[in-house]
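Report on the structure given below.
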Amino acid sequence: MAEELKQLKLFSDVAAMFAPAKSLYEAGCCPCCLLRFLGERDCQIYQKSAEELQTVALTLCNQPQGDVADSPTGDTTCVNTDDIPCIACLGILQHGCSEEFLEKIQQKMEEEGYKSQLFSLSLMTPIQLIVREHAVMLFLRERFSDLYTGQSIDKVTSMKDVYKWRCGPRLKDKLNMEYHHQIESPFLIQLMFQHKETETECSFLISACPKVFPTNSRKRKRDSEQAVLNRTSVTKAIGSLSESKFMSLVRCPPEKVDTMCRCQELTCYHEALFVAGRYNKYSRTLSQTPWVVDGERRGETSVSELICTRIKAMFMAQEYRFSSAGREDVDVRTLGRGRPFLVELIQPHISDVPLDKMKLLQKEINSETTDIAIRDLQIVSREESGKLKVGETEKTKSYSALVRVEKPIQPDDLKFLEEIKDLKLAQKTPIRVIHRRPLASRDRVIHNMSGEYIDSQHFTLHLKTQAGTYIKEFVHGDFGRTQPSLSTLMHMDTDILELDVESVDVDWPKTIDE
């Protein structure tokens, strides 16, 4: 025990801690808060069992001055138990760290089906603890001025840190997840503690600190005090009061309480998870997303629903958001390696899905329909997901279009198309979409094209264009709204019968070996 006491860092002389320790215990501090106010910052000390912490506290509390013994001696009546709420943490480091409460967290996790590799803890504590901790520190400064003068509350280890040090490793074993105090996880267990018995202990600051709380704020009704009393304003108000003024308004040390601070709300939150891949669309009657016209659904399903329904179920997400590198019309197929897509999963309960299960999920989606197929299904980071939209208008896409011409043609009539390079177009918003898109003129480029003769009135047009080019309008001209168009280039009316996307030239996401 002597070796453990020497780990306490606030004082160079271990024996100097005995008197403050006993005063803190007599005032009503729990073992953890006693160690906090003695400056202990070693997380391993706080990870001891409640019984071991009591032993440390007893040793500090009862050790005769100037002698470091290896076992507690003397009167122990001043020592608190876990049944007596601490004056500093109001029981958060007592009941809040109990096996009973940690089992409730475990039960909630099991009921809601959360599974993650790593978790973090987040605490919301009553703001009156700021007042109480300051009162304890002023009590120590007044009684032990030679030891605590110049010591600020910053020297006191954060109650939230101590809670995480104590409970994180124990929850790690119960939940079978990794936990690292200094590593933030996308999966968060949030605990909100409240203490009704002391909820008005900050109210005095409203009248005592008029510069922090202006008159219009002070006139607010009692039930709206929370609108002005928050962590920032309370900290600022306390900092504006002199020590003597604060001690004239608040008992130092704080009053003991009868009830433990309890967790009023336990919630689990997982940051959005991102799943990427590529899809092919083989149907000419399937929309990319649900198609609704005048409040009426058109079509039984969509590309996004065929892909996302299974993914949402796998990750047990509340909802999803689908996006892609552009979109094709209902009657347009997407061939080749497919179009990159991204699914943002909101509040997923499961995040640890290995690649082999992702491959199985991909296979299941592909087996349920012949209208689409997906590939390269994988989980990506938030940073990686942003690459889908980077340089969107600089990307290129390749198409093939079945074209019908007004006048008979011969194969040689199409050769001039191969000589056209980087053709600049001016495209006004097409008539077919002007009801849902703003009227504008957009400059686009056709990098190259060629014609593949079929018969005297049909040929296949192959194009490589800047992303965002309206291909249908380029072919027929859209009543002159696209200039130049294939119609003006061939000096005859041309119309498009079928259109396929042959490639979307985006090197994302990475290719997954089948």
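We name chains A, B, ... following the order of the structure tokens; residues begin at 1 in each chain, and ligands are numbered from 1 as shown.
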So that I can see what lies close to region 184-197 of chain A, please list as a ChimeraX atom specification the residues with an atom at most 9 Å from it, counting only C-alpha atoms and leaving out residues fewer than 6 positions away in the same chain.
/A:90,92,96,105,116-126,128,257-273,351
Generate a file of the selected residues that holds N, CA, C and O atoms, formatted as a compact mmCIF listing (two decimals), in the first residue's frame.
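Output (part36.txt):
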# COMPACT_ATOMS: atom_id res chain seq x y z
N LEU A 90 -21.93 13.34 -6.63
CA LEU A 90 -23.34 13.02 -6.37
C LEU A 90 -23.67 11.56 -6.67
O LEU A 90 -24.82 11.22 -6.93
N ILE A 92 -22.21 9.57 -9.11
CA ILE A 92 -21.93 9.08 -10.47
C ILE A 92 -20.78 8.08 -10.46
O ILE A 92 -20.81 7.07 -11.18
N GLY A 96 -23.18 4.89 -10.46
CA GLY A 96 -22.99 4.90 -11.91
C GLY A 96 -21.93 3.93 -12.38
O GLY A 96 -21.87 3.59 -13.56
N ILE A 105 -26.58 -1.42 -19.03
CA ILE A 105 -26.03 -1.02 -20.33
C ILE A 105 -25.89 -2.24 -21.23
O ILE A 105 -26.27 -2.22 -22.40
N SER A 116 -20.35 -3.75 -32.68
CA SER A 116 -19.32 -2.89 -33.23
C SER A 116 -17.96 -3.39 -32.75
O SER A 116 -17.86 -4.06 -31.72
N GLN A 117 -16.90 -3.09 -33.48
CA GLN A 117 -15.56 -3.47 -33.05
C GLN A 117 -15.11 -2.65 -31.86
O GLN A 117 -14.42 -3.14 -30.97
N LEU A 118 -15.51 -1.37 -31.83
CA LEU A 118 -14.99 -0.42 -30.85
C LEU A 118 -16.13 0.45 -30.36
O LEU A 118 -17.07 0.74 -31.10
N PHE A 119 -16.09 0.85 -29.09
CA PHE A 119 -17.10 1.77 -28.57
C PHE A 119 -16.43 2.88 -27.77
O PHE A 119 -15.31 2.74 -27.29
N SER A 120 -17.16 3.98 -27.64
CA SER A 120 -16.73 5.10 -26.79
C SER A 120 -17.84 5.40 -25.81
O SER A 120 -19.02 5.07 -26.04
N LEU A 121 -17.48 6.05 -24.71
CA LEU A 121 -18.45 6.47 -23.70
C LEU A 121 -18.56 7.98 -23.71
O LEU A 121 -17.57 8.69 -23.86
N SER A 122 -19.80 8.47 -23.56
CA SER A 122 -20.04 9.91 -23.48
C SER A 122 -20.97 10.17 -22.30
O SER A 122 -22.00 9.51 -22.15
N LEU A 123 -20.59 11.13 -21.45
CA LEU A 123 -21.37 11.46 -20.26
C LEU A 123 -21.91 12.88 -20.33
O LEU A 123 -21.17 13.81 -20.69
N MET A 124 -23.17 13.04 -19.99
CA MET A 124 -23.75 14.35 -19.77
C MET A 124 -24.07 14.42 -18.28
O MET A 124 -24.91 13.64 -17.79
N THR A 125 -23.40 15.32 -17.57
CA THR A 125 -23.55 15.38 -16.11
C THR A 125 -24.25 16.67 -15.71
O THR A 125 -24.23 17.67 -16.44
N PRO A 126 -24.86 16.69 -14.52
CA PRO A 126 -25.56 17.90 -14.06
C PRO A 126 -24.60 19.09 -13.95
O PRO A 126 -23.47 18.94 -13.46
N GLN A 128 -24.70 21.45 -11.94
CA GLN A 128 -24.43 21.85 -10.55
C GLN A 128 -23.15 21.20 -10.02
O GLN A 128 -22.60 21.64 -9.00
N VAL A 257 -26.13 15.12 0.44
CA VAL A 257 -27.44 14.88 -0.17
C VAL A 257 -27.95 13.50 0.23
O VAL A 257 -27.20 12.66 0.72
N ASP A 258 -29.24 13.29 0.00
CA ASP A 258 -29.87 12.03 0.40
C ASP A 258 -29.99 11.03 -0.76
O ASP A 258 -30.13 9.83 -0.52
N THR A 259 -29.95 11.54 -1.99
CA THR A 259 -30.21 10.66 -3.13
C THR A 259 -29.02 10.60 -4.07
O THR A 259 -28.27 11.57 -4.21
N MET A 260 -28.89 9.47 -4.72
CA MET A 260 -27.84 9.27 -5.72
C MET A 260 -28.24 9.90 -7.06
O MET A 260 -29.41 9.89 -7.43
N CYS A 261 -27.25 10.42 -7.74
CA CYS A 261 -27.46 10.87 -9.12
C CYS A 261 -27.71 9.63 -9.98
O CYS A 261 -27.00 8.64 -9.89
N ARG A 262 -28.75 9.69 -10.82
CA ARG A 262 -29.14 8.54 -11.63
C ARG A 262 -29.06 8.85 -13.11
O ARG A 262 -29.22 10.00 -13.53
N CYS A 263 -28.83 7.82 -13.89
CA CYS A 263 -28.83 7.96 -15.35
C CYS A 263 -30.28 7.97 -15.82
O CYS A 263 -31.00 6.97 -15.70
N GLN A 264 -30.73 9.12 -16.33
CA GLN A 264 -32.10 9.27 -16.78
C GLN A 264 -32.30 8.84 -18.23
O GLN A 264 -33.40 8.55 -18.66
N GLU A 265 -31.21 8.82 -18.97
CA GLU A 265 -31.33 8.45 -20.38
C GLU A 265 -30.07 7.73 -20.84
O GLU A 265 -28.97 8.22 -20.67
N LEU A 266 -30.28 6.55 -21.37
CA LEU A 266 -29.19 5.74 -21.91
C LEU A 266 -29.46 5.51 -23.39
O LEU A 266 -30.44 4.87 -23.76
N THR A 267 -28.63 6.07 -24.23
CA THR A 267 -28.85 5.94 -25.67
C THR A 267 -27.57 5.44 -26.34
O THR A 267 -26.47 5.69 -25.87
N CYS A 268 -27.77 4.74 -27.43
CA CYS A 268 -26.66 4.26 -28.24
C CYS A 268 -26.74 4.92 -29.60
O CYS A 268 -27.83 5.02 -30.19
N TYR A 269 -25.63 5.37 -30.08
CA TYR A 269 -25.61 6.08 -31.36
C TYR A 269 -24.42 5.63 -32.18
O TYR A 269 -23.30 5.54 -31.67
N HIS A 270 -24.67 5.33 -33.43
CA HIS A 270 -23.58 4.99 -34.34
C HIS A 270 -23.57 6.00 -35.48
O HIS A 270 -24.60 6.28 -36.09
N GLU A 271 -22.40 6.55 -35.74
CA GLU A 271 -22.28 7.47 -36.87
C GLU A 271 -22.68 6.76 -38.16
O GLU A 271 -22.68 5.54 -38.25
N ALA A 272 -23.02 7.56 -39.15
CA ALA A 272 -23.42 7.00 -40.44
C ALA A 272 -22.32 6.10 -40.98
O ALA A 272 -21.13 6.37 -40.84
N LEU A 273 -22.75 5.01 -41.59
CA LEU A 273 -21.83 4.06 -42.21
C LEU A 273 -22.04 4.13 -43.72
O LEU A 273 -23.18 4.34 -44.19
N SER A 351 -22.02 -2.77 -37.43
CA SER A 351 -21.04 -2.09 -38.28
C SER A 351 -19.87 -2.99 -38.67
O SER A 351 -19.15 -2.70 -39.61
Any idea what's packed within 12 Å of Gln151 (chain A), counting only C-alpha atoms, ignoring anything in its chain fewer than 2 positions away? Could you give it as JSON, numbers by chain?
{"A": [10, 11, 37, 38, 39, 134, 137, 138, 140, 141, 142, 144, 145, 146, 147, 148, 149, 153, 154, 155, 156]}
Take the residues just selected and output them with C-alpha atoms as a PDB file, in the first residue's frame.
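Below is the file that was written, selection-v5.pdb:
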ATOM      1  CA  LEU A  10      -0.155  16.360  -6.190  1.00  0.00           C
ATOM      2  CA  PHE A  11       2.297  16.558  -3.299  1.00  0.00           C
ATOM      3  CA  PHE A  37      -8.828  16.169  -5.296  1.00  0.00           C
ATOM      4  CA  LEU A  38      -5.470  14.804  -4.201  1.00  0.00           C
ATOM      5  CA  GLY A  39      -4.371  15.101  -7.806  1.00  0.00           C
ATOM      6  CA  HIS A 134     -15.433  24.588  -7.051  1.00  0.00           C
ATOM      7  CA  MET A 137     -11.550  23.223  -4.011  1.00  0.00           C
ATOM      8  CA  LEU A 138     -12.174  26.472  -2.051  1.00  0.00           C
ATOM      9  CA  LEU A 140      -9.294  22.823   0.602  1.00  0.00           C
ATOM     10  CA  ARG A 141      -7.641  26.162  -0.142  1.00  0.00           C
ATOM     11  CA  GLU A 142      -9.057  27.659   3.030  1.00  0.00           C
ATOM     12  CA  PHE A 144      -4.838  23.772   3.717  1.00  0.00           C
ATOM     13  CA  SER A 145      -3.631  27.038   2.220  1.00  0.00           C
ATOM     14  CA  ASP A 146       0.019  25.954   2.268  1.00  0.00           C
ATOM     15  CA  LEU A 147      -0.828  22.965   0.064  1.00  0.00           C
ATOM     16  CA  TYR A 148      -3.652  24.217  -2.164  1.00  0.00           C
ATOM     17  CA  THR A 149      -2.932  27.914  -2.704  1.00  0.00           C
ATOM     18  CA  ILE A 153      -9.574  22.954 -10.546  1.00  0.00           C
ATOM     19  CA  ASP A 154      -7.533  21.952 -13.616  1.00  0.00           C
ATOM     20  CA  LYS A 155      -5.306  19.950 -11.263  1.00  0.00           C
ATOM     21  CA  VAL A 156      -8.318  17.830 -10.339  1.00  0.00           C
TER      22      VAL A 156
END
9 Å contact set for Arg231 (chain A), only C-alpha atoms, chain neighbours under 3 positions out, as a PyMOL selection string
chain A and resi 126-128+130+234-236
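Using only C-alpha atoms for every distance, the candidate list A:Pro348, A:Gly326, A:Gly477, A:Gly168 yields A:Gly477 as the residue closest to His491 (chain A).
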Kindly provide the residues of region 378-468 of chain A that approach region 312-325 of chain A to within 12 Å, each paired with its closest atom pair and their distance in Å to one decimal, based on only C-alpha atoms, listed by chain and increasing number, as JSON lines.
{"residue": "A:Ile379", "atom": "CA", "partner": "A:Phe315", "partner_atom": "CA", "distance": 11.0}
{"residue": "A:Ser385", "atom": "CA", "partner": "A:Ser323", "partner_atom": "CA", "distance": 10.3}
{"residue": "A:Gly386", "atom": "CA", "partner": "A:Ser323", "partner_atom": "CA", "distance": 11.2}
{"residue": "A:Lys387", "atom": "CA", "partner": "A:Ala325", "partner_atom": "CA", "distance": 10.0}
{"residue": "A:Leu388", "atom": "CA", "partner": "A:Ala325", "partner_atom": "CA", "distance": 6.3}
{"residue": "A:Lys389", "atom": "CA", "partner": "A:Ala325", "partner_atom": "CA", "distance": 6.8}
{"residue": "A:Val390", "atom": "CA", "partner": "A:Ala325", "partner_atom": "CA", "distance": 9.8}
{"residue": "A:Gly391", "atom": "CA", "partner": "A:Ala325", "partner_atom": "CA", "distance": 10.6}
{"residue": "A:Glu392", "atom": "CA", "partner": "A:Ala325", "partner_atom": "CA", "distance": 7.6}
{"residue": "A:Thr393", "atom": "CA", "partner": "A:Ala325", "partner_atom": "CA", "distance": 10.3}
{"residue": "A:Glu394", "atom": "CA", "partner": "A:Ala325", "partner_atom": "CA", "distance": 11.9}
{"residue": "A:Lys395", "atom": "CA", "partner": "A:Ala325", "partner_atom": "CA", "distance": 9.4}
{"residue": "A:Thr396", "atom": "CA", "partner": "A:Ala325", "partner_atom": "CA", "distance": 10.8}
{"residue": "A:Lys397", "atom": "CA", "partner": "A:Ala325", "partner_atom": "CA", "distance": 10.3}
{"residue": "A:Ala467", "atom": "CA", "partner": "A:Ala325", "partner_atom": "CA", "distance": 9.2}
{"residue": "A:Gly468", "atom": "CA", "partner": "A:Ala325", "partner_atom": "CA", "distance": 10.1}
Selected residues written out with N, CA and C atoms, as a PDB file, in the first residue's frame:
ATOM      1  N   ILE A 379     -17.520  -1.614 -47.593  1.00  0.00           N
ATOM      2  CA  ILE A 379     -17.662  -0.501 -46.647  1.00  0.00           C
ATOM      3  C   ILE A 379     -16.531   0.485 -46.907  1.00  0.00           C
ATOM      4  N   SER A 385     -15.923   8.294 -49.030  1.00  0.00           N
ATOM      5  CA  SER A 385     -17.230   8.477 -49.675  1.00  0.00           C
ATOM      6  C   SER A 385     -17.306   9.796 -50.437  1.00  0.00           C
ATOM      7  N   GLY A 386     -16.533  10.794 -49.977  1.00  0.00           N
ATOM      8  CA  GLY A 386     -16.556  12.097 -50.636  1.00  0.00           C
ATOM      9  C   GLY A 386     -16.003  12.076 -52.041  1.00  0.00           C
ATOM     10  N   LYS A 387     -15.246  11.039 -52.383  1.00  0.00           N
ATOM     11  CA  LYS A 387     -14.643  10.964 -53.710  1.00  0.00           C
ATOM     12  C   LYS A 387     -15.681  10.739 -54.806  1.00  0.00           C
ATOM     13  N   LEU A 388     -16.877  10.287 -54.419  1.00  0.00           N
ATOM     14  CA  LEU A 388     -17.911  10.025 -55.423  1.00  0.00           C
ATOM     15  C   LEU A 388     -18.278  11.286 -56.195  1.00  0.00           C
ATOM     16  N   LYS A 389     -18.299  12.425 -55.501  1.00  0.00           N
ATOM     17  CA  LYS A 389     -18.766  13.667 -56.126  1.00  0.00           C
ATOM     18  C   LYS A 389     -17.633  14.630 -56.483  1.00  0.00           C
ATOM     19  N   VAL A 390     -16.378  14.262 -56.180  1.00  0.00           N
ATOM     20  CA  VAL A 390     -15.257  15.157 -56.476  1.00  0.00           C
ATOM     21  C   VAL A 390     -15.063  15.266 -57.988  1.00  0.00           C
ATOM     22  N   GLY A 391     -14.948  16.510 -58.474  1.00  0.00           N
ATOM     23  CA  GLY A 391     -14.711  16.744 -59.898  1.00  0.00           C
ATOM     24  C   GLY A 391     -15.771  16.138 -60.792  1.00  0.00           C
ATOM     25  N   GLU A 392     -17.019  16.271 -60.350  1.00  0.00           N
ATOM     26  CA  GLU A 392     -18.113  15.585 -61.043  1.00  0.00           C
ATOM     27  C   GLU A 392     -18.231  15.974 -62.512  1.00  0.00           C
ATOM     28  N   THR A 393     -18.102  17.267 -62.820  1.00  0.00           N
ATOM     29  CA  THR A 393     -18.284  17.706 -64.210  1.00  0.00           C
ATOM     30  C   THR A 393     -17.053  17.431 -65.071  1.00  0.00           C
ATOM     31  N   GLU A 394     -15.907  17.113 -64.433  1.00  0.00           N
ATOM     32  CA  GLU A 394     -14.703  16.811 -65.209  1.00  0.00           C
ATOM     33  C   GLU A 394     -14.637  15.340 -65.626  1.00  0.00           C
ATOM     34  N   LYS A 395     -15.493  14.522 -65.064  1.00  0.00           N
ATOM     35  CA  LYS A 395     -15.481  13.109 -65.397  1.00  0.00           C
ATOM     36  C   LYS A 395     -16.016  12.895 -66.813  1.00  0.00           C
ATOM     37  N   THR A 396     -15.694  11.745 -67.377  1.00  0.00           N
ATOM     38  CA  THR A 396     -16.197  11.412 -68.710  1.00  0.00           C
ATOM     39  C   THR A 396     -17.062  10.157 -68.645  1.00  0.00           C
ATOM     40  N   LYS A 397     -17.959  10.067 -69.622  1.00  0.00           N
ATOM     41  CA  LYS A 397     -18.841   8.907 -69.725  1.00  0.00           C
ATOM     42  C   LYS A 397     -18.941   8.507 -71.197  1.00  0.00           C
ATOM     43  N   ALA A 467     -19.185  14.521 -68.356  1.00  0.00           N
ATOM     44  CA  ALA A 467     -20.313  14.156 -67.505  1.00  0.00           C
ATOM     45  C   ALA A 467     -21.324  15.295 -67.467  1.00  0.00           C
ATOM     46  N   GLY A 468     -22.589  14.931 -67.470  1.00  0.00           N
ATOM     47  CA  GLY A 468     -23.646  15.934 -67.418  1.00  0.00           C
ATOM     48  C   GLY A 468     -24.182  16.331 -68.780  1.00  0.00           C
TER      49      GLY A 468
END
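With only C-alpha atoms as the atoms that count, the minimum distance from Val131 (chain A) to the choices A:Ala440, A:Ala208, A:Ile238, A:Ala276 is reached by A:Ile238.
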Please, which residues of region 304-449 of chain A, numbered as in this document, come out strand (DSSP E) from DSSP, as a ChimeraX atom specification?
/A:319-324,332-346,372-380,396-405,421-428,441-449
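Take CA of Phe204 (chain A) and CA of Arg143 (chain A): the distance between them is 24.6 Å.
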Residues flagged helix (DSSP H, G or I) by DSSP in region 8-250 of chain A, as an MDAnalysis selection string:
chainID A and resid 14:27 31:37 43:46 50:62 95:97 99:112 128:143 145:148 153:155 159:175 196:198 204:208 215:218 222:227 231:240 243:249
